[in-house]
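*Asks:* Next comes the structure file model.txt, holding compact mmCIF, C-alpha atoms and all ligand atoms.
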# COMPACT_ATOMS: atom_id res chain seq x y z
CA MET A 23 -33.46 22.55 -1.44
CA ALA A 24 -34.03 19.69 -3.89
CA THR A 25 -35.10 16.36 -2.43
CA GLU A 26 -34.19 12.93 -3.66
CA ARG A 27 -35.55 9.60 -2.48
CA ALA A 28 -33.50 6.47 -2.87
CA ASP A 29 -33.84 2.80 -2.01
CA ALA A 30 -30.23 2.79 -0.79
CA LEU A 31 -27.77 5.54 0.07
CA VAL A 32 -24.06 4.69 0.00
CA VAL A 33 -21.54 7.08 1.56
CA GLY A 34 -17.97 6.92 0.25
CA ALA A 35 -16.29 6.14 -3.08
CA GLY A 36 -13.33 4.14 -1.84
CA LEU A 37 -13.06 0.54 -2.96
CA ALA A 38 -15.63 -0.53 -0.33
CA GLY A 39 -18.34 2.03 -1.17
CA ALA A 40 -17.77 1.66 -4.92
CA ALA A 41 -18.16 -2.13 -4.62
CA VAL A 42 -21.27 -1.88 -2.39
CA ALA A 43 -23.02 0.49 -4.81
CA TYR A 44 -22.09 -1.74 -7.75
CA HIS A 45 -23.41 -4.89 -6.04
CA LEU A 46 -26.64 -3.20 -4.92
CA ALA A 47 -27.36 -2.05 -8.48
CA ARG A 48 -26.46 -5.43 -9.93
CA ARG A 49 -28.90 -7.00 -7.47
CA GLY A 50 -31.64 -4.68 -8.79
CA PHE A 51 -32.03 -3.14 -5.34
CA GLY A 52 -33.89 -0.14 -6.78
CA ARG A 53 -32.62 3.42 -6.87
CA VAL A 54 -29.07 3.44 -5.49
CA VAL A 55 -27.65 6.88 -4.73
CA ALA A 56 -23.97 7.13 -3.80
CA LEU A 57 -22.32 10.21 -2.28
CA GLU A 58 -18.61 10.98 -2.14
CA ALA A 59 -17.10 14.00 -0.37
CA ASP A 60 -14.21 14.28 -2.79
CA THR A 61 -13.38 12.18 -5.85
CA PRO A 62 -13.28 8.37 -6.29
CA ALA A 63 -10.47 6.74 -4.30
CA ALA A 64 -9.57 10.04 -2.61
CA GLY A 65 -9.14 8.22 0.73
CA ALA A 66 -6.94 5.25 1.64
CA THR A 67 -7.82 3.41 -1.59
CA GLY A 68 -5.94 5.92 -3.73
CA ARG A 69 -2.90 5.70 -1.44
CA ALA A 70 -2.69 1.94 -1.00
CA ALA A 71 0.04 -0.45 -2.14
CA GLY A 72 -2.45 -2.88 -3.69
CA ILE A 73 -1.04 -6.14 -2.37
CA VAL A 74 -3.67 -8.88 -2.36
CA SER A 75 -2.67 -11.91 -0.29
CA GLU A 76 -4.49 -14.98 0.95
CA GLN A 77 -1.97 -15.20 3.82
CA MET A 78 -4.55 -13.70 6.17
CA TRP A 79 -5.44 -14.04 9.84
CA ASP A 80 -8.33 -16.43 9.81
CA ARG A 81 -10.60 -18.39 7.56
CA TRP A 82 -13.16 -15.62 7.03
CA ASP A 83 -10.49 -13.27 5.76
CA VAL A 84 -8.93 -15.91 3.54
CA GLU A 85 -12.27 -16.68 1.91
CA VAL A 86 -13.14 -12.99 1.50
CA VAL A 87 -9.73 -12.28 -0.08
CA ARG A 88 -10.32 -15.20 -2.45
CA GLU A 89 -13.74 -13.81 -3.41
CA SER A 90 -12.22 -10.33 -3.87
CA LYS A 91 -9.42 -11.74 -6.03
CA ALA A 92 -11.85 -13.50 -8.35
CA GLU A 93 -13.99 -10.37 -8.64
CA TYR A 94 -11.03 -8.02 -9.19
CA ALA A 95 -9.52 -10.29 -11.86
CA ALA A 96 -12.82 -10.34 -13.75
CA LEU A 97 -13.44 -6.60 -13.24
CA ALA A 98 -9.93 -5.73 -14.44
CA ALA A 99 -10.32 -7.94 -17.52
CA ARG A 100 -13.60 -6.17 -18.39
CA SER A 101 -13.01 -2.58 -17.34
CA ALA A 102 -9.52 -1.88 -15.94
CA PRO A 103 -6.78 -3.45 -18.09
CA GLY A 104 -3.58 -4.04 -16.09
CA ALA A 105 -5.25 -3.49 -12.71
CA TYR A 106 -4.79 -7.13 -11.63
CA ARG A 107 -1.60 -9.17 -11.87
CA THR A 108 -0.57 -12.45 -10.23
CA ASN A 109 3.03 -12.13 -9.02
CA GLY A 110 3.19 -14.12 -5.76
CA PHE A 111 4.02 -13.00 -2.24
CA LEU A 112 6.99 -13.89 -0.02
CA ARG A 113 7.56 -13.58 3.69
CA TRP A 114 10.94 -14.02 5.28
CA THR A 115 12.75 -13.80 8.61
CA SER A 116 16.11 -14.45 10.26
CA ASP A 117 14.47 -14.90 13.69
CA PRO A 118 13.96 -18.58 14.65
CA GLU A 119 10.88 -17.76 16.76
CA VAL A 120 9.23 -15.90 13.89
CA ALA A 121 10.26 -18.70 11.53
CA ALA A 122 8.41 -21.18 13.76
CA ALA A 123 5.34 -18.93 13.58
CA ILE A 124 5.63 -18.81 9.79
CA ARG A 125 5.68 -22.61 9.65
CA GLU A 126 2.59 -22.82 11.88
CA ARG A 127 0.81 -20.23 9.73
CA VAL A 128 1.71 -22.07 6.52
CA ALA A 129 0.26 -25.32 7.90
CA GLU A 130 -2.94 -23.56 9.01
CA LEU A 131 -3.34 -21.63 5.76
CA ARG A 132 -2.81 -24.80 3.72
CA SER A 133 -5.55 -26.49 5.75
CA TRP A 134 -7.83 -23.67 4.50
CA GLY A 135 -6.85 -24.36 0.90
CA VAL A 136 -4.35 -21.51 0.51
CA ASN A 137 -1.66 -22.09 -2.11
CA VAL A 138 1.32 -21.32 0.17
CA ASP A 139 4.40 -23.28 1.17
CA SER A 140 7.61 -22.95 3.13
CA LEU A 141 10.63 -22.38 0.94
CA ASP A 142 14.21 -23.34 1.73
CA PRO A 143 15.98 -19.94 2.01
CA ALA A 144 18.70 -21.33 -0.29
CA ASP A 145 16.03 -21.65 -3.00
CA LEU A 146 14.72 -18.09 -2.65
CA ALA A 147 16.81 -16.97 -5.62
CA THR A 148 14.70 -19.21 -7.88
CA VAL A 149 11.74 -16.84 -7.37
CA PHE A 150 13.45 -13.57 -6.30
CA SER A 151 17.08 -12.85 -7.02
CA GLY A 152 18.99 -10.12 -5.21
CA VAL A 153 18.00 -11.05 -1.64
CA ARG A 154 20.71 -11.78 0.96
CA THR A 155 19.73 -15.20 2.26
CA ASP A 156 22.71 -16.27 4.40
CA ASP A 157 20.94 -15.71 7.76
CA LEU A 158 17.31 -16.38 6.73
CA VAL A 159 15.69 -19.26 8.62
CA GLY A 160 12.07 -18.96 7.53
CA VAL A 161 10.49 -18.21 4.14
CA ALA A 162 6.88 -18.62 2.99
CA TYR A 163 5.80 -18.26 -0.61
CA ALA A 164 2.28 -17.93 -2.01
CA PRO A 165 2.62 -17.97 -5.83
CA ALA A 166 -1.05 -17.12 -6.52
CA ASP A 167 -1.07 -13.85 -4.55
CA ALA A 168 -1.50 -10.72 -6.61
CA VAL A 169 -1.10 -6.98 -6.94
CA VAL A 170 -3.87 -4.65 -8.06
CA GLY A 171 -4.41 -1.02 -8.99
CA PRO A 172 -6.82 0.02 -6.20
CA SER A 173 -7.88 3.35 -7.79
CA ALA A 174 -8.42 1.75 -11.19
CA LEU A 175 -10.60 -0.96 -9.60
CA ALA A 176 -12.66 1.63 -7.68
CA GLU A 177 -13.16 3.59 -10.91
CA ALA A 178 -14.18 0.38 -12.69
CA TYR A 179 -16.76 -0.48 -9.99
CA ILE A 180 -18.12 3.06 -10.28
CA ALA A 181 -18.28 2.95 -14.09
CA GLU A 182 -19.98 -0.47 -14.12
CA GLY A 183 -22.23 0.57 -11.22
CA ARG A 184 -23.33 3.65 -13.15
CA ARG A 185 -24.18 1.48 -16.14
CA ALA A 186 -26.25 -0.71 -13.80
CA GLY A 187 -28.11 2.39 -12.53
CA VAL A 188 -26.13 3.84 -9.59
CA SER A 189 -26.43 7.62 -9.32
CA TRP A 190 -23.04 8.92 -8.09
CA THR A 191 -22.61 12.46 -6.75
CA LEU A 192 -19.02 13.56 -6.15
CA GLY A 193 -18.12 16.55 -3.94
CA ALA A 194 -20.99 15.64 -1.59
CA ARG A 195 -19.80 15.47 2.04
CA VAL A 196 -22.34 13.91 4.40
CA GLY A 197 -22.18 15.65 7.79
CA ALA A 198 -24.52 13.22 9.57
CA LEU A 199 -27.21 10.67 8.78
CA GLU A 200 -30.46 11.49 10.56
CA GLN A 201 -33.04 8.87 11.43
CA GLY A 202 -36.68 9.76 10.79
CA ARG A 203 -40.02 8.33 9.73
CA GLU A 204 -38.81 7.87 6.16
CA GLY A 205 -35.57 6.21 7.18
CA TRP A 206 -32.17 7.89 6.82
CA SER A 207 -31.66 11.44 5.57
CA CYS A 208 -28.78 13.76 4.91
CA SER A 209 -28.35 17.12 3.24
CA CYS A 210 -25.37 17.83 1.04
CA ALA A 211 -24.50 19.45 -2.28
CA GLY A 212 -27.82 21.35 -2.22
CA THR A 213 -30.00 18.23 -2.00
CA ARG A 214 -31.79 16.41 0.81
CA TYR A 215 -31.45 12.67 0.32
CA THR A 216 -33.77 10.17 2.02
CA SER A 217 -33.67 6.38 2.03
CA PRO A 218 -34.77 3.46 4.21
CA THR A 219 -31.27 1.98 3.81
CA ALA A 220 -27.95 3.75 4.32
CA VAL A 221 -24.46 2.26 4.07
CA VAL A 222 -21.50 4.03 5.66
CA ALA A 223 -18.35 3.18 3.66
CA ALA A 224 -16.40 6.30 4.57
CA GLY A 225 -13.12 4.62 5.55
CA ALA A 226 -11.26 6.43 8.34
CA TRP A 227 -13.92 9.17 8.29
CA SER A 228 -16.59 6.65 9.31
CA LYS A 229 -15.77 7.14 12.99
CA ALA A 230 -16.75 10.85 12.98
CA LEU A 231 -19.71 10.28 10.64
CA LEU A 232 -21.19 7.50 12.78
CA ALA A 233 -20.65 9.50 15.98
CA ALA A 234 -22.35 12.56 14.42
CA SER A 235 -25.23 10.28 13.41
CA GLY A 236 -25.68 9.10 17.02
CA HIS A 237 -24.28 5.58 16.50
CA PRO A 238 -20.58 5.61 17.46
CA LEU A 239 -18.52 2.46 16.88
CA PRO A 240 -15.03 1.59 18.19
CA LEU A 241 -12.79 2.77 15.37
CA ALA A 242 -9.34 4.36 15.46
CA PRO A 243 -8.01 6.08 12.31
CA TYR A 244 -4.22 5.88 12.01
CA ARG A 245 -1.54 7.02 9.60
CA THR A 246 0.55 4.62 7.52
CA GLN A 247 3.06 5.32 4.75
CA ALA A 248 4.36 4.13 1.40
CA ALA A 249 6.91 5.22 -1.17
CA VAL A 250 7.78 4.58 -4.79
CA LEU A 251 11.46 4.00 -5.54
CA SER A 252 13.37 3.74 -8.74
CA VAL A 253 15.85 0.85 -8.84
CA PRO A 254 18.74 1.13 -11.32
CA GLY A 255 18.18 -1.46 -14.03
CA GLY A 256 14.49 -1.76 -13.10
CA VAL A 257 12.55 -4.50 -11.32
CA PRO A 258 10.57 -6.97 -13.47
CA GLU A 259 6.84 -6.75 -12.84
CA THR A 260 6.75 -10.52 -12.32
CA THR A 261 8.87 -10.12 -9.14
CA PRO A 262 6.93 -11.35 -6.10
CA SER A 263 5.83 -8.86 -3.46
CA PHE A 264 7.46 -9.44 -0.09
CA ASP A 265 7.05 -8.82 3.61
CA ASP A 266 10.39 -8.57 5.41
CA LEU A 267 9.40 -9.49 8.95
CA ASP A 268 12.78 -8.50 10.41
CA HIS A 269 12.61 -4.91 9.16
CA ASP A 270 8.82 -4.55 9.08
CA VAL A 271 8.92 -3.47 5.47
CA TYR A 272 6.91 -4.72 2.50
CA ALA A 273 7.33 -4.07 -1.22
CA ARG A 274 5.75 -4.85 -4.56
CA PRO A 275 6.88 -4.28 -8.14
CA GLU A 276 5.28 -1.37 -9.98
CA ASP A 277 4.43 -1.43 -13.69
CA ASN A 278 7.31 0.74 -14.83
CA GLY A 279 10.28 -1.10 -13.31
CA ARG A 280 9.95 0.74 -10.01
CA VAL A 281 9.02 -0.63 -6.60
CA LEU A 282 6.39 0.48 -4.12
CA ALA A 283 7.43 -0.12 -0.51
CA GLY A 284 5.80 0.59 2.80
CA ASP A 285 4.81 0.21 6.32
CA GLY A 286 5.72 3.24 8.46
CA THR A 287 2.58 2.68 10.52
CA GLU A 288 1.92 4.95 13.50
CA ARG A 289 0.55 3.19 16.58
CA PHE A 290 -1.66 6.05 17.66
CA GLU A 291 -4.89 7.60 16.46
CA THR A 292 -4.89 10.44 13.96
CA ASP A 293 -7.55 12.78 12.58
CA PRO A 294 -8.17 11.97 8.91
CA ARG A 295 -9.24 15.59 8.31
CA THR A 296 -5.86 17.05 9.33
CA TYR A 297 -3.22 14.32 9.01
CA VAL A 298 0.20 14.92 7.41
CA THR A 299 -0.07 13.54 3.87
CA ALA A 300 3.66 13.56 3.07
CA GLY A 301 5.95 10.65 3.97
CA ASP A 302 8.37 11.11 6.89
CA GLU A 303 12.13 11.29 6.32
CA THR A 304 12.62 8.64 9.02
CA PHE A 305 10.32 6.27 7.12
CA VAL A 306 12.25 6.71 3.87
CA ALA A 307 15.56 6.27 5.71
CA HIS A 308 14.23 3.03 7.24
CA LEU A 309 13.32 1.69 3.78
CA ALA A 310 16.85 2.47 2.54
CA GLU A 311 18.40 0.66 5.53
CA ALA A 312 16.13 -2.36 5.03
CA PHE A 313 16.99 -2.66 1.34
CA GLU A 314 20.70 -2.19 1.98
CA ASP A 315 20.65 -4.98 4.53
CA ARG A 316 18.29 -7.49 2.90
CA VAL A 317 17.95 -6.68 -0.81
CA PRO A 318 21.41 -5.46 -1.79
CA ALA A 319 20.30 -5.46 -5.44
CA TRP A 320 18.02 -2.53 -4.51
CA SER A 321 20.49 -0.62 -2.32
CA GLU A 322 21.02 2.06 -4.99
CA ALA A 323 17.26 2.74 -5.25
CA SER A 324 16.31 6.43 -5.33
CA LEU A 325 13.15 7.94 -3.92
CA VAL A 326 10.49 9.00 -6.45
CA ARG A 327 7.85 10.04 -3.90
CA ALA A 328 6.63 9.14 -0.41
CA TRP A 329 3.22 9.69 1.10
CA ALA A 330 0.91 8.77 3.97
CA GLY A 331 -2.72 7.65 4.07
CA VAL A 332 -5.19 6.96 6.86
CA CYS A 333 -6.39 3.44 7.65
CA VAL A 334 -8.81 2.56 10.43
CA ALA A 335 -8.33 0.08 13.26
CA THR A 336 -10.78 -1.84 15.44
CA PRO A 337 -10.10 -3.31 18.92
CA ASP A 338 -9.76 -6.90 17.58
CA ARG A 339 -8.24 -6.05 14.16
CA ARG A 340 -11.30 -7.44 12.39
CA PRO A 341 -13.45 -5.22 10.12
CA LEU A 342 -16.95 -3.94 10.91
CA VAL A 343 -19.29 -5.20 8.19
CA GLY A 344 -23.06 -5.51 8.60
CA PRO A 345 -26.14 -3.88 10.11
CA VAL A 346 -25.94 -1.57 13.13
CA ALA A 347 -28.36 -3.32 15.47
CA SER A 348 -29.46 -0.16 17.29
CA ALA A 349 -30.25 1.61 14.01
CA PRO A 350 -32.57 -0.27 11.64
CA GLY A 351 -31.60 0.29 8.01
CA LEU A 352 -28.10 1.52 8.84
CA PHE A 353 -25.16 -0.62 7.64
CA VAL A 354 -21.39 -0.16 7.82
CA ILE A 355 -18.38 -1.53 5.99
CA THR A 356 -15.12 -0.22 7.44
CA GLY A 357 -12.37 -0.99 9.99
CA PHE A 358 -10.16 -2.93 7.59
CA ASN A 359 -7.05 -2.42 9.76
CA GLY A 360 -4.78 -1.71 6.79
CA PHE A 361 -5.98 -4.58 4.60
CA GLY A 362 -9.08 -3.22 2.94
CA VAL A 363 -8.00 -3.42 -0.68
CA MET A 364 -7.70 -7.19 -0.47
CA ARG A 365 -11.07 -7.64 1.27
CA ALA A 366 -13.35 -4.80 0.08
CA GLY A 367 -14.83 -6.54 -2.97
CA GLY A 368 -15.68 -9.80 -1.22
CA ALA A 369 -16.89 -8.06 1.95
CA ALA A 370 -19.11 -5.73 -0.11
CA ALA A 371 -20.74 -8.65 -1.92
CA ARG A 372 -21.41 -10.41 1.40
CA LEU A 373 -22.85 -7.22 2.93
CA VAL A 374 -25.14 -6.63 -0.05
CA ALA A 375 -26.49 -10.18 0.28
CA VAL A 376 -27.58 -9.28 3.83
CA ILE A 377 -29.04 -5.90 2.81
CA ALA A 378 -30.95 -7.59 -0.02
CA GLY A 379 -32.46 -10.01 2.51
CA ASP A 380 -30.85 -13.27 1.42
CA GLY A 381 -31.62 -14.75 4.82
CA PRO A 382 -29.74 -16.55 7.61
CA ALA A 383 -27.07 -18.02 5.33
CA ALA A 384 -26.06 -14.51 4.21
CA VAL A 385 -26.09 -13.27 7.81
CA GLY A 386 -23.88 -16.22 8.77
CA ARG A 387 -21.35 -15.18 6.14
CA LEU A 388 -20.72 -11.99 8.17
CA GLN A 389 -20.17 -13.88 11.41
CA GLY A 390 -17.21 -12.50 13.35
CA VAL A 391 -17.27 -9.07 11.72
CA HIS A 392 -20.60 -7.82 13.06
CA PRO A 393 -20.38 -4.10 13.92
CA ASP A 394 -22.14 -4.64 17.28
CA ARG A 395 -19.83 -7.33 18.62
CA PHE A 396 -18.44 -4.90 21.23
CA GLY A 397 -21.90 -4.54 22.75
CA GLY A 398 -22.09 -0.76 22.50
CA ARG A 399 -18.80 -0.30 24.36
CA LEU A 400 -16.15 2.05 23.01
CA PRO A 401 -12.96 0.60 24.52
CA GLU A 402 -9.75 2.56 24.28
CA PHE A 403 -7.25 0.78 22.05
CA PHE A 404 -4.29 1.49 19.80
CA PRO A 405 -3.63 0.53 16.18
CA LYS A 406 -0.99 -2.14 15.63
CA ASP A 407 1.57 -2.05 12.88
CA GLY A 408 2.90 -4.81 10.71
CA PHE A 409 1.63 -7.24 8.16
CA THR A 410 -0.86 -9.96 8.87
CA LEU A 411 1.44 -12.51 10.51
CA GLN A 412 1.86 -10.21 13.51
CA ALA A 413 -1.86 -9.75 14.05
CA GLY A 414 -4.57 -11.60 15.86
CA ALA A 415 -4.33 -13.17 19.26
CA ASP A 416 -0.79 -14.56 19.00
CA PRO A 417 0.97 -12.96 22.01
CA ARG A 418 4.36 -13.30 20.34
CA PHE A 419 3.57 -10.52 17.87
C1 LIG B 501 0.00 3.52 2.46
C2 LIG B 501 -1.10 2.48 2.44
C3 LIG B 501 -0.84 1.22 1.92
C4 LIG B 501 -1.87 0.24 1.90
N1 LIG B 501 -1.61 -0.95 1.31
C5 LIG B 501 -2.59 -1.90 1.25
C6 LIG B 501 -2.36 -3.13 0.58
O1 LIG B 501 -1.29 -3.37 0.02
N2 LIG B 501 -3.35 -4.05 0.57
C7 LIG B 501 -4.56 -3.82 1.19
O2 LIG B 501 -5.43 -4.69 1.19
N3 LIG B 501 -4.82 -2.63 1.80
C8 LIG B 501 -3.86 -1.67 1.84
N4 LIG B 501 -4.11 -0.48 2.46
C9 LIG B 501 -5.39 -0.29 3.16
C10 LIG B 501 -6.46 0.10 2.18
O3 LIG B 501 -6.06 1.23 1.45
C11 LIG B 501 -7.77 0.42 2.92
O4 LIG B 501 -8.07 -0.57 3.88
C12 LIG B 501 -8.92 0.50 1.93
O5 LIG B 501 -8.59 1.30 0.83
C13 LIG B 501 -10.16 1.03 2.61
O6 LIG B 501 -11.14 1.32 1.62
P1 LIG B 501 -12.44 2.07 2.03
O7 LIG B 501 -13.28 2.18 0.82
O8 LIG B 501 -13.02 1.44 3.26
O9 LIG B 501 -11.96 3.52 2.54
P2 LIG B 501 -11.37 4.76 1.72
O10 LIG B 501 -10.62 4.35 0.53
O11 LIG B 501 -10.68 5.63 2.71
O12 LIG B 501 -12.67 5.48 1.18
C14 LIG B 501 -13.52 6.27 1.96
C15 LIG B 501 -14.15 7.33 1.07
O13 LIG B 501 -15.19 7.97 1.79
C16 LIG B 501 -15.15 9.35 1.49
N5 LIG B 501 -15.77 10.05 2.59
C17 LIG B 501 -15.29 10.20 3.84
N6 LIG B 501 -16.15 10.89 4.61
C18 LIG B 501 -17.21 11.18 3.84
C19 LIG B 501 -18.43 11.87 4.08
N7 LIG B 501 -18.69 12.37 5.29
N8 LIG B 501 -19.30 12.01 3.06
C20 LIG B 501 -19.03 11.47 1.83
N9 LIG B 501 -17.89 10.82 1.56
C21 LIG B 501 -16.98 10.66 2.55
C22 LIG B 501 -13.66 9.64 1.34
O14 LIG B 501 -13.43 10.83 0.60
C23 LIG B 501 -13.16 8.40 0.64
O15 LIG B 501 -13.20 8.52 -0.76
C24 LIG B 501 -3.13 0.53 2.46
C25 LIG B 501 -3.39 1.81 2.97
C26 LIG B 501 -2.39 2.78 2.94
C27 LIG B 501 -2.70 4.16 3.47
Can you present the structure in this file as structure tokens?
Ligand SMILES: Cc1cc2nc3c(=O)[nH]c(=O)nc-3n(C[C@H](O)[C@H](O)[C@H](O)COP(=O)(O)OP(=O)(O)OC[C@H]3O[C@@H](n4cnc5c(N)ncnc54)[C@H](O)[C@@H]3O)c2cc1C
*Replies:*
Amino acid sequence: MATERADALVVGAGLAGAAVAYHLARRGFGRVVALEADTPAAGATGRAAGIVSEQMWDRWDVEVVRESKAEYAALAARSAPGAYRTNGFLRWTSDPEVAAAIRERVAELRSWGVNVDSLDPADLATVFSGVRTDDLVGVAYAPADAVVGPSALAEAYIAEGRRAGVSWTLGARVGALEQGREGWSCSCAGTRYTSPTAVVAAGAWSKALLAASGHPLPLAPYRTQAAVLSVPGGVPETTPSFDDLDHDVYARPEDNGRVLAGDGTERFETDPRTYVTAGDETFVAHLAEAFEDRVPAWSEASLVRAWAGVCVATPDRRPLVGPVASAPGLFVITGFNGFGVMRAGGAAARLVAVIAGDGPAAVGRLQGVHPDRFGGRLPEFFPKDGFTLQAGADPRF
């Protein structure tokens, strides 16, 4: 078997792994070797809706989304034309209690510098026509939110990373990372790789990989769904994305006049090796009902395709990004709880600053997402559905 020594091994070519490898190479970290079991964006990244919103749970997430947005916009301009577009993001409800929560969130987000405001439902038509507004009591609008092409961005990170020196091997499934005198090793695709630094960015598969490597972390992979629909007459690509909090459905405009809509999240753990990749009929029927009720202009939409992907939850709905304390040289970036596209780029840059030894300030920038915050416990927990308003500690959601 061939042997290869690296200064850093990265496992996974989703948006997170692609961005980590890119940042390591750009930092001149030495020989960066990246391994992907399948092809780039074969996991959740290639199945994601690509909504990027600063309407996040807390300040860390808001700042990381902002950093990701800036990086994605620049990356798309250089290497992935059309993969980043500002279109705005709306949230709406007819429930007075949820409307009160929206108003609280808007005030908090604005205090963190987010460009978001409450909108009088009667004025919704000025930014999105075709919505039935008669019973809406709460609307939030963030005009600077965006949509991206997650696969195109991952490919762009990989292409730019390669130019900066990353050695990518596709079709290389890592069974386990073994700790030895030389650091971390694994054997795959006919080669034994060794490195003092290893980064697990294997999305929903990270749970099994970390457990096989002797360092399990509390992660729960779960299935969530999306669909592309064709709307007669087309939908302009400048249409804002939206989150309909009454129906638990979100949607964004696609490039070709179609819409991509989703949620269909399952609240129980699934096995990413064997999950059902097709969308459920009940999910598609729910989308049709939601459009008929709330966006009558889309009620004649026809299904183009529906699918499922696997995201990965953590007990507190915050990601795991940083060093594994019990395993020197081992780092993880996963557990994005369904919102990894919007945070992967910024989180990867912050993680690489820690790996590169930028000191306490860099470590502080990962506060709250440390992989060891559960103290070695593996509590039983269940994934939650819904967009970011329903998350966090608020008992109402
Ligand atoms: C339907 C759907 C809609 C979504 N919509 C959004 C959205 O609008 N906005 C948003 O922010 N997020 C969204 N997400 C979530 C987002 O897709 C994920 O959070 C994000 O893509 C995670 O990226 P990742 O790189 O961590 O994982 P992944 O993209 O899953 O990448 C992991 C990679 O690791 C590889 N791998 C796994 N095991 C191994 C191994 N043992 N050896 C080598 N390689 C391995 C896999 O093949 C895969 O390529 C959505 C997800 C789904 C499914």
*Asks:* Residues at most 6 Å from ligand LIG 501 (chain B), using only C-alpha atoms and all ligand atoms? Could they come as a PDB file with C-alpha atoms, in the frame of the given file?
*Replies:*
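Written out: part03.pdb:
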ATOM      1  CA  VAL A  33     -21.540   7.080   1.560  1.00  0.00           C
ATOM      2  CA  GLY A  34     -17.970   6.920   0.250  1.00  0.00           C
ATOM      3  CA  ALA A  35     -16.290   6.140  -3.080  1.00  0.00           C
ATOM      4  CA  GLY A  36     -13.330   4.140  -1.840  1.00  0.00           C
ATOM      5  CA  LEU A  37     -13.060   0.540  -2.960  1.00  0.00           C
ATOM      6  CA  ALA A  38     -15.630  -0.530  -0.330  1.00  0.00           C
ATOM      7  CA  GLY A  39     -18.340   2.030  -1.170  1.00  0.00           C
ATOM      8  CA  LEU A  57     -22.320  10.210  -2.280  1.00  0.00           C
ATOM      9  CA  GLU A  58     -18.610  10.980  -2.140  1.00  0.00           C
ATOM     10  CA  ALA A  59     -17.100  14.000  -0.370  1.00  0.00           C
ATOM     11  CA  ASP A  60     -14.210  14.280  -2.790  1.00  0.00           C
ATOM     12  CA  PRO A  62     -13.280   8.370  -6.290  1.00  0.00           C
ATOM     13  CA  ALA A  63     -10.470   6.740  -4.300  1.00  0.00           C
ATOM     14  CA  ALA A  64      -9.570  10.040  -2.610  1.00  0.00           C
ATOM     15  CA  GLY A  65      -9.140   8.220   0.730  1.00  0.00           C
ATOM     16  CA  ALA A  66      -6.940   5.250   1.640  1.00  0.00           C
ATOM     17  CA  THR A  67      -7.820   3.410  -1.590  1.00  0.00           C
ATOM     18  CA  ARG A  69      -2.900   5.700  -1.440  1.00  0.00           C
ATOM     19  CA  ALA A  70      -2.690   1.940  -1.000  1.00  0.00           C
ATOM     20  CA  ALA A  71       0.040  -0.450  -2.140  1.00  0.00           C
ATOM     21  CA  GLY A  72      -2.450  -2.880  -3.690  1.00  0.00           C
ATOM     22  CA  ILE A  73      -1.040  -6.140  -2.370  1.00  0.00           C
ATOM     23  CA  VAL A  74      -3.670  -8.880  -2.360  1.00  0.00           C
ATOM     24  CA  ALA A 194     -20.990  15.640  -1.590  1.00  0.00           C
ATOM     25  CA  ARG A 195     -19.800  15.470   2.040  1.00  0.00           C
ATOM     26  CA  VAL A 196     -22.340  13.910   4.400  1.00  0.00           C
ATOM     27  CA  GLY A 197     -22.180  15.650   7.790  1.00  0.00           C
ATOM     28  CA  ALA A 223     -18.350   3.180   3.660  1.00  0.00           C
ATOM     29  CA  ALA A 224     -16.400   6.300   4.570  1.00  0.00           C
ATOM     30  CA  GLY A 225     -13.120   4.620   5.550  1.00  0.00           C
ATOM     31  CA  ALA A 226     -11.260   6.430   8.340  1.00  0.00           C
ATOM     32  CA  TRP A 227     -13.920   9.170   8.290  1.00  0.00           C
ATOM     33  CA  LEU A 231     -19.710  10.280  10.640  1.00  0.00           C
ATOM     34  CA  THR A 246       0.550   4.620   7.520  1.00  0.00           C
ATOM     35  CA  GLN A 247       3.060   5.320   4.750  1.00  0.00           C
ATOM     36  CA  ALA A 248       4.360   4.130   1.400  1.00  0.00           C
ATOM     37  CA  ALA A 330       0.910   8.770   3.970  1.00  0.00           C
ATOM     38  CA  GLY A 331      -2.720   7.650   4.070  1.00  0.00           C
ATOM     39  CA  VAL A 332      -5.190   6.960   6.860  1.00  0.00           C
ATOM     40  CA  CYS A 333      -6.390   3.440   7.650  1.00  0.00           C
ATOM     41  CA  THR A 356     -15.120  -0.220   7.440  1.00  0.00           C
ATOM     42  CA  PHE A 358     -10.160  -2.930   7.590  1.00  0.00           C
ATOM     43  CA  GLY A 360      -4.780  -1.710   6.790  1.00  0.00           C
ATOM     44  CA  PHE A 361      -5.980  -4.580   4.600  1.00  0.00           C
ATOM     45  CA  GLY A 362      -9.080  -3.220   2.940  1.00  0.00           C
ATOM     46  CA  VAL A 363      -8.000  -3.420  -0.680  1.00  0.00           C
ATOM     47  CA  MET A 364      -7.700  -7.190  -0.470  1.00  0.00           C
TER      48      MET A 364
END
*Asks:* Have a look at atom CA of Thr216 of chain A and atom CA of Ala347 of chain A and let me know their distance in Å, one decimal.
*Replies:*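 Result for atom CA of Thr216 of chain A versus atom CA of Ala347 of chain A: 19.8 Å, one decimal.
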*Asks:* Sort by chain and increasing residue number a table of all residues of segment 100-146 of chain A within 12 Å of segment 274-278 of chain A, each with its closest pair of atoms and their distance in Å to one decimal, counting all atoms listed in the file, and write it as a tab-separated table.
*Replies:*
residue	atom	partner	partner_atom	distance
A:Gly104	CA	A:Asp277	CA	8.8
A:Ala105	CA	A:Asp277	CA	9.9
A:Tyr106	CA	A:Asp277	CA	11.0
A:Arg107	CA	A:Asp277	CA	10.0
A:Thr108	CA	A:Pro275	CA	11.3
A:Asn109	CA	A:Pro275	CA	8.8
A:Gly110	CA	A:Arg274	CA	9.7
A:Phe111	CA	A:Arg274	CA	8.6
A:Leu112	CA	A:Arg274	CA	10.2
